[in-house]
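The structure file entry.csv is reproduced below (CSV, N, CA and C atoms).
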```
chain,number,residue,atom,x,y,z
A,30,MET,N,-11.4,4.8,39.5
A,30,MET,CA,-11.6,4.8,40.9
A,30,MET,C,-13.1,4.7,41.1
A,31,ASP,N,-13.5,3.7,42.0
A,31,ASP,CA,-15.0,3.6,42.2
A,31,ASP,C,-15.4,4.6,43.3
A,32,GLN,N,-16.7,4.6,43.6
A,32,GLN,CA,-17.3,5.7,44.4
A,32,GLN,C,-16.7,5.6,45.8
A,33,THR,N,-16.5,4.4,46.4
A,33,THR,CA,-15.9,4.3,47.7
A,33,THR,C,-14.5,4.8,47.8
A,34,GLU,N,-13.7,4.4,46.8
A,34,GLU,CA,-12.3,4.9,46.7
A,34,GLU,C,-12.3,6.4,46.6
A,35,ARG,N,-13.1,6.9,45.7
A,35,ARG,CA,-13.2,8.4,45.5
A,35,ARG,C,-13.5,9.1,46.8
A,36,THR,N,-14.5,8.6,47.6
A,36,THR,CA,-14.8,9.2,48.8
A,36,THR,C,-13.7,9.2,49.8
A,37,TYR,N,-13.0,8.1,50.0
A,37,TYR,CA,-11.8,8.1,50.9
A,37,TYR,C,-10.7,8.9,50.4
A,38,PHE,N,-10.5,8.9,49.1
A,38,PHE,CA,-9.4,9.7,48.4
A,38,PHE,C,-9.7,11.2,48.7
A,39,LEU,N,-10.9,11.7,48.4
A,39,LEU,CA,-11.3,13.1,48.6
A,39,LEU,C,-11.2,13.5,50.1
A,40,ALA,N,-11.5,12.6,51.0
A,40,ALA,CA,-11.4,12.9,52.4
A,40,ALA,C,-9.9,13.1,52.8
A,41,ALA,N,-9.1,12.2,52.3
A,41,ALA,CA,-7.7,12.3,52.6
A,41,ALA,C,-7.0,13.5,51.9
A,42,MET,N,-7.5,13.9,50.7
A,42,MET,CA,-6.9,15.1,50.1
A,42,MET,C,-7.4,16.4,50.8
A,43,ALA,N,-8.6,16.3,51.3
A,43,ALA,CA,-9.1,17.5,52.1
A,43,ALA,C,-8.3,17.7,53.3
A,44,GLU,N,-8.0,16.6,54.0
A,44,GLU,CA,-7.2,16.6,55.2
A,44,GLU,C,-5.8,17.2,54.9
A,45,ALA,N,-5.2,16.6,53.8
A,45,ALA,CA,-3.9,17.1,53.3
A,45,ALA,C,-3.9,18.6,53.0
A,46,ALA,N,-4.9,19.1,52.3
A,46,ALA,CA,-5.0,20.5,52.0
A,46,ALA,C,-5.1,21.3,53.2
A,47,LYS,N,-5.9,20.9,54.2
A,47,LYS,CA,-6.0,21.6,55.5
A,47,LYS,C,-4.6,21.7,56.2
A,48,LEU,N,-3.9,20.6,56.2
A,48,LEU,CA,-2.6,20.6,56.9
A,48,LEU,C,-1.6,21.4,56.1
A,49,ILE,N,-1.7,21.5,54.8
A,49,ILE,CA,-0.8,22.3,54.0
A,49,ILE,C,-1.1,23.8,54.3
A,50,ARG,N,-2.4,24.1,54.4
A,50,ARG,CA,-2.7,25.5,54.7
A,50,ARG,C,-2.2,25.9,56.1
A,51,LEU,N,-2.3,25.0,57.1
A,51,LEU,CA,-1.7,25.3,58.4
A,51,LEU,C,-0.2,25.5,58.3
A,52,THR,N,0.4,24.6,57.5
A,52,THR,CA,1.9,24.7,57.4
A,52,THR,C,2.3,26.0,56.7
A,53,GLN,N,1.5,26.4,55.7
A,53,GLN,CA,1.8,27.7,55.0
A,53,GLN,C,1.7,28.8,56.0
A,54,THR,N,0.7,28.8,56.8
A,54,THR,CA,0.5,29.9,57.8
A,54,THR,C,1.7,30.0,58.8
A,55,ALA,N,2.1,28.8,59.3
A,55,ALA,CA,3.3,28.7,60.2
A,55,ALA,C,4.6,29.2,59.5
A,56,LEU,N,4.8,28.8,58.3
A,56,LEU,CA,6.0,29.2,57.6
A,56,LEU,C,6.0,30.7,57.3
A,57,GLN,N,4.8,31.2,57.0
A,57,GLN,CA,4.8,32.7,56.8
A,57,GLN,C,5.1,33.5,58.1
A,58,ARG,N,4.6,32.9,59.2
A,58,ARG,CA,5.0,33.6,60.5
A,58,ARG,C,6.5,33.5,60.8
A,59,ALA,N,7.0,32.3,60.5
A,59,ALA,CA,8.5,32.1,60.7
A,59,ALA,C,9.3,33.0,59.8
A,60,ARG,N,8.8,33.1,58.5
A,60,ARG,CA,9.5,34.0,57.5
A,60,ARG,C,9.5,35.4,58.0
A,61,SER,N,8.4,35.9,58.6
A,61,SER,CA,8.4,37.3,59.1
A,61,SER,C,9.3,37.6,60.2
A,62,GLN,N,9.8,36.5,60.9
A,62,GLN,CA,10.7,36.7,62.0
A,62,GLN,C,12.1,36.4,61.8
A,63,CYS,N,12.5,36.1,60.6
A,63,CYS,CA,13.9,35.8,60.3
A,63,CYS,C,14.5,36.7,59.2
A,64,HIS,N,15.8,36.5,58.9
A,64,HIS,CA,16.5,37.3,57.9
A,64,HIS,C,17.7,36.5,57.4
A,65,GLY,N,18.3,37.1,56.4
A,65,GLY,CA,19.5,36.5,55.8
A,65,GLY,C,19.3,35.1,55.1
A,66,ASP,N,20.3,34.3,55.3
A,66,ASP,CA,20.2,32.9,54.6
A,66,ASP,C,19.0,32.1,55.1
A,67,VAL,N,18.7,32.3,56.4
A,67,VAL,CA,17.5,31.5,56.9
A,67,VAL,C,16.2,32.0,56.2
A,68,TYR,N,16.1,33.3,56.0
A,68,TYR,CA,15.0,33.8,55.3
A,68,TYR,C,14.8,33.2,53.9
A,69,GLU,N,15.9,33.1,53.2
A,69,GLU,CA,15.9,32.5,51.8
A,69,GLU,C,15.4,31.1,51.9
A,70,HIS,N,15.8,30.3,52.8
A,70,HIS,CA,15.4,28.9,53.0
A,70,HIS,C,13.9,28.8,53.3
A,71,ILE,N,13.5,29.7,54.2
A,71,ILE,CA,12.0,29.7,54.6
A,71,ILE,C,11.2,30.2,53.5
A,72,ASP,N,11.7,31.2,52.7
A,72,ASP,CA,10.9,31.7,51.6
A,72,ASP,C,10.7,30.6,50.6
A,73,LEU,N,11.7,29.8,50.3
A,73,LEU,CA,11.6,28.7,49.4
A,73,LEU,C,10.6,27.7,49.9
A,74,MET,N,10.6,27.4,51.2
A,74,MET,CA,9.7,26.5,51.8
A,74,MET,C,8.2,27.0,51.7
A,75,CYS,N,8.0,28.3,51.8
A,75,CYS,CA,6.7,28.9,51.6
A,75,CYS,C,6.2,28.7,50.2
A,76,THR,N,7.1,28.9,49.2
A,76,THR,CA,6.8,28.7,47.8
A,76,THR,C,6.4,27.3,47.6
A,77,ARG,N,7.2,26.3,48.1
A,77,ARG,CA,6.8,24.9,47.9
A,77,ARG,C,5.5,24.5,48.5
A,78,ALA,N,5.3,25.1,49.7
A,78,ALA,CA,4.0,24.8,50.4
A,78,ALA,C,2.8,25.3,49.6
A,79,TYR,N,3.0,26.5,49.0
A,79,TYR,CA,2.0,27.1,48.1
A,79,TYR,C,1.7,26.2,46.9
A,80,GLU,N,2.8,25.7,46.3
A,80,GLU,CA,2.7,24.8,45.2
A,80,GLU,C,1.9,23.5,45.6
A,81,LEU,N,2.2,23.0,46.7
A,81,LEU,CA,1.5,21.8,47.2
A,81,LEU,C,0.0,22.1,47.4
A,82,HIS,N,-0.3,23.2,47.9
A,82,HIS,CA,-1.7,23.6,48.2
A,82,HIS,C,-2.4,23.7,46.9
A,83,VAL,N,-1.9,24.3,45.9
A,83,VAL,CA,-2.5,24.4,44.6
A,83,VAL,C,-2.7,23.1,43.9
A,84,LYS,N,-1.6,22.2,44.0
A,84,LYS,CA,-1.7,20.9,43.4
A,84,LYS,C,-2.8,20.0,44.1
A,85,ALA,N,-2.9,20.2,45.4
A,85,ALA,CA,-3.9,19.4,46.1
A,85,ALA,C,-5.3,19.8,45.7
A,86,GLU,N,-5.5,21.1,45.6
A,86,GLU,CA,-6.9,21.5,45.1
A,86,GLU,C,-7.1,21.1,43.7
A,87,TRP,N,-6.2,21.2,42.8
A,87,TRP,CA,-6.3,20.8,41.4
A,87,TRP,C,-6.7,19.3,41.3
A,88,ILE,N,-6.0,18.5,42.1
A,88,ILE,CA,-6.2,17.0,42.1
A,88,ILE,C,-7.6,16.7,42.6
A,89,GLN,N,-8.1,17.4,43.6
A,89,GLN,CA,-9.4,17.2,44.1
A,89,GLN,C,-10.4,17.5,43.0
A,90,HIS,N,-10.3,18.6,42.3
A,90,HIS,CA,-11.2,18.9,41.2
A,90,HIS,C,-11.2,17.9,40.1
A,91,VAL,N,-10.0,17.4,39.8
A,91,VAL,CA,-9.9,16.3,38.8
A,91,VAL,C,-10.6,15.0,39.3
A,92,ALA,N,-10.4,14.7,40.5
A,92,ALA,CA,-11.0,13.5,41.1
A,92,ALA,C,-12.6,13.6,41.1
A,93,LEU,N,-13.1,14.8,41.4
A,93,LEU,CA,-14.5,15.0,41.4
A,93,LEU,C,-15.1,14.7,40.0
A,94,GLY,N,-14.3,15.0,39.0
A,94,GLY,CA,-14.8,14.7,37.6
A,94,GLY,C,-15.8,15.7,37.1
A,95,ASN,N,-16.1,16.7,37.8
A,95,ASN,CA,-17.1,17.7,37.4
A,95,ASN,C,-16.6,18.5,36.2
A,96,VAL,N,-15.3,18.8,36.2
A,96,VAL,CA,-14.7,19.5,35.1
A,96,VAL,C,-13.4,18.8,34.6
A,97,LYS,N,-13.3,18.7,33.4
A,97,LYS,CA,-12.1,18.1,32.8
A,97,LYS,C,-10.9,19.1,32.8
A,98,ILE,N,-10.0,18.9,33.7
A,98,ILE,CA,-8.9,19.8,33.8
A,98,ILE,C,-7.6,19.0,33.4
A,99,THR,N,-6.9,19.6,32.5
A,99,THR,CA,-5.6,18.9,32.0
A,99,THR,C,-4.5,19.9,32.1
A,100,LEU,N,-3.3,19.3,32.1
A,100,LEU,CA,-2.1,20.1,32.1
A,100,LEU,C,-2.0,20.9,30.8
A,101,GLU,N,-2.4,20.2,29.7
A,101,GLU,CA,-2.3,20.9,28.4
A,101,GLU,C,-3.2,22.2,28.3
A,102,ALA,N,-4.3,22.2,29.0
A,102,ALA,CA,-5.1,23.4,29.0
A,102,ALA,C,-4.4,24.5,29.8
A,103,ILE,N,-3.6,24.2,30.8
A,103,ILE,CA,-2.9,25.2,31.6
A,103,ILE,C,-1.7,25.7,30.8
A,104,ASP,N,-0.9,24.8,30.2
A,104,ASP,CA,0.3,25.2,29.5
A,104,ASP,C,0.5,24.2,28.4
A,105,PRO,N,0.1,24.5,27.1
A,105,PRO,CA,0.3,23.5,26.1
A,105,PRO,C,1.7,23.0,25.8
A,106,GLU,N,2.7,23.7,26.2
A,106,GLU,CA,4.1,23.3,26.0
A,106,GLU,C,4.7,22.6,27.2
A,107,SER,N,3.9,22.3,28.2
A,107,SER,CA,4.5,21.7,29.4
A,107,SER,C,4.5,20.2,29.2
A,108,ARG,N,5.3,19.5,30.1
A,108,ARG,CA,5.3,18.1,30.2
A,108,ARG,C,3.9,17.6,30.5
A,109,GLN,N,3.5,16.5,30.1
A,109,GLN,CA,2.1,16.0,30.3
A,109,GLN,C,2.0,15.2,31.5
A,110,GLY,N,3.0,14.8,32.2
A,110,GLY,CA,2.9,14.0,33.5
A,110,GLY,C,3.4,14.8,34.7
A,111,PRO,N,3.2,14.2,35.8
A,111,PRO,CA,3.8,14.8,37.0
A,111,PRO,C,5.4,14.7,36.9
A,112,ASP,N,6.0,15.5,37.8
A,112,ASP,CA,7.5,15.4,37.9
A,112,ASP,C,7.9,14.0,38.0
A,113,ARG,N,8.9,13.6,37.1
A,113,ARG,CA,9.3,12.2,37.0
A,113,ARG,C,10.2,11.8,38.1
A,114,ARG,N,10.8,12.7,38.9
A,114,ARG,CA,11.7,12.4,39.9
A,114,ARG,C,10.9,11.6,41.0
A,115,ARG,N,11.4,10.5,41.5
A,115,ARG,CA,10.8,9.7,42.5
A,115,ARG,C,11.5,9.7,43.8
A,116,SER,N,12.8,10.2,43.7
A,116,SER,CA,13.6,10.2,45.0
A,116,SER,C,13.6,11.5,45.6
A,117,VAL,N,14.0,11.6,46.8
A,117,VAL,CA,14.2,12.8,47.6
A,117,VAL,C,15.4,13.6,47.0
A,118,ASP,N,15.2,14.9,46.9
A,118,ASP,CA,16.3,15.7,46.4
A,118,ASP,C,17.6,15.4,47.2
A,119,ARG,N,18.7,15.4,46.5
A,119,ARG,CA,20.0,15.0,47.2
A,119,ARG,C,20.3,16.0,48.3
A,120,ARG,N,20.0,17.2,48.2
A,120,ARG,CA,20.3,18.2,49.3
A,120,ARG,C,19.5,17.9,50.5
A,121,ILE,N,18.2,17.4,50.3
A,121,ILE,CA,17.4,17.1,51.5
A,121,ILE,C,17.9,15.8,52.2
A,122,ALA,N,18.3,14.9,51.4
A,122,ALA,CA,18.9,13.7,52.0
A,122,ALA,C,20.2,14.0,52.8
A,123,LYS,N,21.0,14.9,52.3
A,123,LYS,CA,22.2,15.3,53.0
A,123,LYS,C,21.9,16.1,54.2
A,124,MET,N,20.9,16.9,54.2
A,124,MET,CA,20.4,17.6,55.4
A,124,MET,C,20.0,16.7,56.5
A,125,ARG,N,19.3,15.7,56.1
A,125,ARG,CA,18.8,14.7,57.0
A,125,ARG,C,19.9,13.9,57.6
A,126,LYS,N,20.9,13.6,56.8
A,126,LYS,CA,22.1,12.9,57.3
A,126,LYS,C,22.9,13.7,58.3
A,127,GLN,N,22.9,15.0,58.1
A,127,GLN,CA,23.6,15.9,59.1
A,127,GLN,C,22.9,15.9,60.4
A,128,LEU,N,21.6,15.8,60.4
A,128,LEU,CA,20.8,15.8,61.6
A,128,LEU,C,20.8,14.4,62.3
A,129,MET,N,20.7,13.4,61.5
A,129,MET,CA,20.5,12.0,62.0
A,129,MET,C,21.4,11.1,61.3
A,130,PRO,N,22.7,11.0,61.6
A,130,PRO,CA,23.6,10.2,60.9
A,130,PRO,C,23.4,8.7,61.1
A,131,GLU,N,22.7,8.3,62.2
A,131,GLU,CA,22.4,6.9,62.4
A,131,GLU,C,20.9,6.8,62.7
A,132,ASP,N,20.3,5.8,62.3
A,132,ASP,CA,18.9,5.5,62.6
A,132,ASP,C,18.7,5.4,64.2
A,133,ALA,N,17.9,6.3,64.7
A,133,ALA,CA,17.8,6.4,66.2
A,133,ALA,C,17.2,5.1,66.8
A,134,LEU,N,16.4,4.4,66.0
A,134,LEU,CA,15.8,3.2,66.6
A,134,LEU,C,16.6,2.0,66.6
A,135,THR,N,17.4,1.8,65.5
A,135,THR,CA,18.2,0.6,65.4
A,135,THR,C,19.7,0.8,65.7
A,136,GLY,N,20.1,2.0,65.6
A,136,GLY,CA,21.5,2.2,65.8
A,136,GLY,C,22.4,1.9,64.6
A,137,LYS,N,21.7,1.6,63.5
A,137,LYS,CA,22.4,1.3,62.2
A,137,LYS,C,22.4,2.5,61.4
A,138,PRO,N,23.5,2.6,60.5
A,138,PRO,CA,23.6,3.7,59.6
A,138,PRO,C,22.3,3.9,58.7
A,139,ASP,N,22.0,5.1,58.4
A,139,ASP,CA,20.8,5.4,57.5
A,139,ASP,C,21.2,5.1,56.1
A,140,ARG,N,20.4,4.3,55.5
A,140,ARG,CA,20.7,3.8,54.1
A,140,ARG,C,19.7,4.5,53.1
A,141,SER,N,18.9,5.5,53.5
A,141,SER,CA,17.9,6.1,52.6
A,141,SER,C,18.5,6.9,51.5
A,142,GLY,N,19.7,7.4,51.6
A,142,GLY,CA,20.3,8.3,50.6
A,142,GLY,C,21.2,7.7,49.7
```

Kindly present the structure from the file in structure tokens form.
Amino acid sequence: MDQTERTYFLAAMAEAAKLIRLTQTALQRARSQCHGDVYEHIDLMCTRAYELHVKAEWIQHVALGNVKITLEAIDPESRQGPDRRRSVDRRIAKMRKQLMPEDALTGKPDRSG
């Protein structure tokens, strides 16, 4: 990545990290106000938001190049690449279909899942 790309990349990652922090705060407020099954779902969302926050910071440090950070240094027995799944979790796709069975703009059935 050249210097211009790195600058734009780091600005975008800083913005993403800020939005993730705001999302974490909102999710924590929501979690404090609910219970039961909803609490479990919100708690999982809080965990995933935290993971995204840590990954965003980690990637920023790698992009800066000041320190060589590798997955092997964190956990020598872990996979060496990012999660290989490229599609949306089946459960998420089904949740979306329950909410929006047809594409609101075109009136055609949703084909994303």

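Checking A:Met30, A:Leu93, A:Leu56, A:Met129 one by one against Tyr68 in chain A, counting only C-alpha atoms, you find the shortest gap at A:Leu56.
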
* Structure fact -> Using only N, CA and C atoms, the residue out of A:Ile71, A:Leu128, A:Val91, A:Ala78 with shortest distance to Gln53 in chain A is A:Ala78

* Asked: Any idea what the distance is between atom N of Arg58 in chain A and atom N of Cys75 in chain A?
  ->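 Interatomic distance here is 9.4 Å.
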
* Which distance in Å separates CA of Leu81 in chain A and CA of Ile49 in chain A, to one decimal? ->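 It comes out at 7.2 Å.
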
* Asked: Quick one: distance from atom C of Val83 in chain A to atom C of His70 in chain A in Å, one decimal?
  ->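 Calculated distance between atom C of Val83 in chain A and atom C of His70 in chain A is 19.9 Å.
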
* Asked: Within 8 Å of Ala46 in chain A, counting all atoms listed in the file, which residues qualify if same-chain residues fewer than 2 places away don't, as a list in words?
  -> Ala40, Ala41, Met42, Ala43, Glu44, Leu48, Ile49, Arg50, Leu51, Thr52, Leu81, His82, Val83, Ala85 and Glu86 of chain A

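Using only C-alpha atoms, the residues found no farther than 8 Å from Ala92 in chain A, other than those of its own chain fewer than 2 positions away, are A:Arg35, A:Leu39, A:Ile88, A:Gln89, A:His90, A:Gly94.
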